[in-house]
Amino acid sequence: MMQMQAKLDTIPAALSVAPASIVKMQAEKLSVYYGAFRAIAEVTLPIHDRHITAIIGPSGCGKSTLLRAFNRMHDLIPNARVEGKLTLDGEPLYGPGIDVVDVRRRIGMVFQRPNPFPKSIYDNLAYGPRLYGVNKKATLDDLVEKSLRGAALWDEVRDKLHQSALALSGGQQQRLCIARALTVEPEVVLMDEPCSALDPVATIKIEDLMRELRNNYTIVIVTHNMQQAARVSDYTAMMMMRPDRAGEMIEFDLTRTIFTNPQDKRTEDYVTGRFG
Amino acid sequence: MKENTASDKPAAAAAFRKRSSRFQLLTQHGDVFWRGLIAVTAIFVLVLVLAIGWTTWRDSALSREVFGLSFVLPTADASWNPVTDTYDAWPLIAGTIVTSVFAILIAAPFSIFIAIFLSELCPMWLRTPANFVIEMLAAIPSVVLGLWGIFVFLPSVVVPVGHFLENTLGFLPLFQGPIPASGSSRLAAVLILTIMIIPTITALTRDVLRAIPDSQREAALALGSTRWETIWQVLIPASLSGIFGAVILGLGRALGETMAVTMVIGNNTVEASGSLLRPGATLASTIANQFAEAVSPMHSSALIELGLILFVITLLLNMAARLLVYQVQKKVPTEARA
């Protein structure tokens with residue numbers, strides 16, 4: 001089992017991709033505005049089911065802004081507005097009659113910095129299920145264990161479930177946040193530079209975890225780290241800032257193609273480290 | 001020093017080190033001076049508190065010797081009589097505690113709701129004016145509030161509310177009437193105090209809520225929480241000890257508030273019934289009302305002892321609050337790493 005795991009890890013994820021897969025989410029001409037300022041211009045991007053899609057690009061090109069549009073986190077910001085079309089399983093996510101709370105339950109999010117609640121580990125994980133009316137202790141116990149095992153954290157915290165989550169290390173906190181996102185059984189998990197505040201060892205653990213999760217979840221990850229995109233993702237979207245400071249997507253393809261044979265000169269320059 | 005190149009810098013430093021004496025080492029950076037200055041100011045606070053405690057203790061000696069413990073113990077036929085020089089503090093202690101506690105019970109939920117609105121729900125354009133109004137309310141001098149109370153608030157609000165309470169809950173000792181026609185009563189003091197402490201608790205609670213990093217709100221919302229669930233299950237628990245501190249500060253203000261209370265409470269220093277609808281008096285209001293006219297040494301001494309009692313109550317309350325905040329903090333770590 002261990003051997004097999006090790007063997008799997010040596011194969012770059014990009015090579016194991018089946019090119020034809022179902023599109024889970026689809027953005028069409030998606031633009032995000034902050035007041036009069038257009039932060040993202042007409043991004044068209046498919047997110048494939050049970051695959052990892054990486055969004056890369058230099059700082060300020062709107063990667064995070066695009067990601068946050070996917071689960072409507074911009075709704076919180078006064079005078080931010082989204083134009084264009086975004087669908088999940090073919091159904092629109094923006095528009096009248098769409099319940100934003102339901103959108104966010106189906107599309108979970110992990111943030112740049114670990115943000116556990118100042119509660120115990122157990123209560124962090126039980127928070128989501130409790131929102132949806134799960135109150136039986138046995139069920140919650142099961143869910144907590146399952147999500148911790150899913151995030152490869154169970155062995156490290158099984159004896160201190162009722163201690164504060166803030167006592168964990170940064171990497172453990174981030175895996176706890178991933179576990180917490182999984183407790184409400186989302187279909188898509190958005191990760192906004194989930195390793196940028198972590199050390200290399202913790203980063204590797206999170207990447208391993210992402211590969212595991214890929215079997216059951218659709219994952220979109222924003223990353224500054226091109227090696228990370230190459231290591232974990234199946235598809236890659238390359239974004240750039242236009243002269244008018246709006247971010248646009250310049251290329252989308254299989255990760256393998258983006259890193260070995262990009263169509264756009266700017267993508268090539270970026271992934272080979274000539275700028276950015 | 002002009003040619004401060006890399007090469008001769010270490011040499012210069014070494015020369016300097018040789019020259020400086022022990023005394024120079026201690027003083028050259030000013031640390032010792034500043035530490036001393038700051039220590040002195042901190043000690044000064046301690047000295048002030050001790051001095052106030054000691055002088056009230058000393059100057060109340062006469063009253064303490066004559067009346068002893070019976071001064072503060074509950075009694076049915078309390079007296080406060082400068083002619084016969086007999087005094088009991090119990091009705092005043094009860095009046096102080098009852099008015100403050102009821103004011104807090106009303107003001108705390110009210111203020112927390114306002115704070116939630118200001119911090120979480122208020123649209124941008126309303127935020128500044130709303131905060132300004134809260135700060136204005138805190139800035140109204142209490143004597144002005146007292147005057148407004150006598151001429152407007154008592155006849156138009158307190159009297160009708162008093163009648164209503166008497167008619168509906170009059171069977172309880174707490175709401176036994178009748179309320180005086182002027183409205184001067186403990187109820188009036190409670191409501192005026194409520195108005196006075198709402199801005200304090202609101203402003204502090206708002207700041208505590210605003211201090212919670214947005215990442216906490218995002219975490220809750222990304223799990224599919226509604227705004228309401230985010231507020232009550234994440235933000236309020238995370239700021240519990242801070243809110244508690246705000247409420248205690250409000251209680252402290254209510255206990256010591258003098259002018260507005262004196263103007264509306266009716267100043268009945270011997271009212272023994274616990275009813276809110278009857279005129280009463282507090283420790284602070286009695287001191288303010290009588291100290292200027294106290295002629296006999298015993299009268300002055302008794303009033304100073306009231307001050308001592310108020311001082312002790314406030315001190316005990318603050319200690320109890322510290323303990324409670326500590327308990328809450330132990331249960332819920334408040335420091336949410338950003």
# chains A, B, ... in the order shown; residues from 1 in each chain; ligands from 1

$ residues_around --residues "Ile77 (chain A)" --least-positions-apart "5" --cutoff "12 Å" --atoms "only C-alpha atoms" --output "ChimeraX atom specification"
/A:32-35,65,68-69,72,82 /B:120,123-124,214,218

$ select_by_dssp --residues "region 153-234 of chain A" --states "alpha helix (DSSP H)" --output "VMD selection string"
chain A and resid 154 to 157 170 to 182 200 to 213 226 to 232

$ residues_around --residues "Ser100 (chain B)" --least-positions-apart "4" --cutoff "9 Å" --atoms "only C-alpha atoms" --output "list in words"
Gly95, Thr96, Ile104, Leu105, Ala189, Val190, Leu193, Thr194, Leu251, Gly252, Arg253, Ala254 and Leu255 of chain B

$ write_last_selection --atoms "C-alpha atoms" --output "PDB file, in the first residue's frame"
ATOM      1  CA  GLY B  95     -30.648  51.417  45.625  1.00  0.00           C
ATOM      2  CA  THR B  96     -27.234  51.560  43.978  1.00  0.00           C
ATOM      3  CA  ILE B 104     -27.248  46.808  32.700  1.00  0.00           C
ATOM      4  CA  LEU B 105     -29.894  44.171  32.051  1.00  0.00           C
ATOM      5  CA  ALA B 189     -32.821  56.254  37.501  1.00  0.00           C
ATOM      6  CA  VAL B 190     -32.692  52.859  35.811  1.00  0.00           C
ATOM      7  CA  LEU B 193     -28.666  55.076  33.445  1.00  0.00           C
ATOM      8  CA  THR B 194     -29.596  52.811  30.569  1.00  0.00           C
ATOM      9  CA  LEU B 251     -21.787  48.622  35.063  1.00  0.00           C
ATOM     10  CA  GLY B 252     -18.926  50.559  36.611  1.00  0.00           C
ATOM     11  CA  ARG B 253     -20.228  53.740  35.061  1.00  0.00           C
ATOM     12  CA  ALA B 254     -23.761  53.014  36.278  1.00  0.00           C
ATOM     13  CA  LEU B 255     -22.636  52.366  39.849  1.00  0.00           C
TER      14      LEU B 255
END

$ atom_distance --atom1 "CA of Ile219 (chain A)" --atom2 "CA of Leu161 (chain A)"
27.1 Å

$ closest_residue --among "A:Tyr94, A:Phe111, A:Phe37, A:Phe70" --to "chain B" --atoms "only C-alpha atoms"
A:Phe111

$ interface_residues --of "chain A" --to "chain B" --cutoff "6 Å" --atoms "only C-alpha atoms" --output "ChimeraX atom specification"
/A:101,104-105,108-109,118

$ residues_around --residues "region 300-309 of chain B" --least-positions-apart "6" --cutoff "7 Å" --atoms "only C-alpha atoms" --output "NGL selection string"
:B and (56-57 or 59-60 or 62-63 or 283 or 287 or 291 or 294)

$ residues_around --residues "Thr218 (chain A)" --least-positions-apart "3" --cutoff "10 Å" --atoms "only C-alpha atoms" --output "ChimeraX atom specification"
/A:23-25,47-53,107,186-190,210,213-215

$ atom_distance --atom1 "CA of Ile150 (chain B)" --atom2 "CA of Ile198 (chain B)"
19.8 Å

$ atom_distance --atom1 "CA of Trp154 (chain A)" --atom2 "CA of Gly133 (chain A)"
24.0 Å

$ residues_around --residues "Thr200 (chain B)" --least-positions-apart "4" --cutoff "10 Å" --atoms "only C-alpha atoms" --output "MDAnalysis selection string"
chainID B and resid 107 111 134:135 137:138 195:196 204:205 246:247 249:251 253

$ residues_around --residues "Glu207 (chain A)" --least-positions-apart "5" --cutoff "9 Å" --atoms "only C-alpha atoms" --output "list of chain:residue names"
A:Cys195, A:Ala202, A:Glu212, A:Gln228, A:Arg231, A:Val232
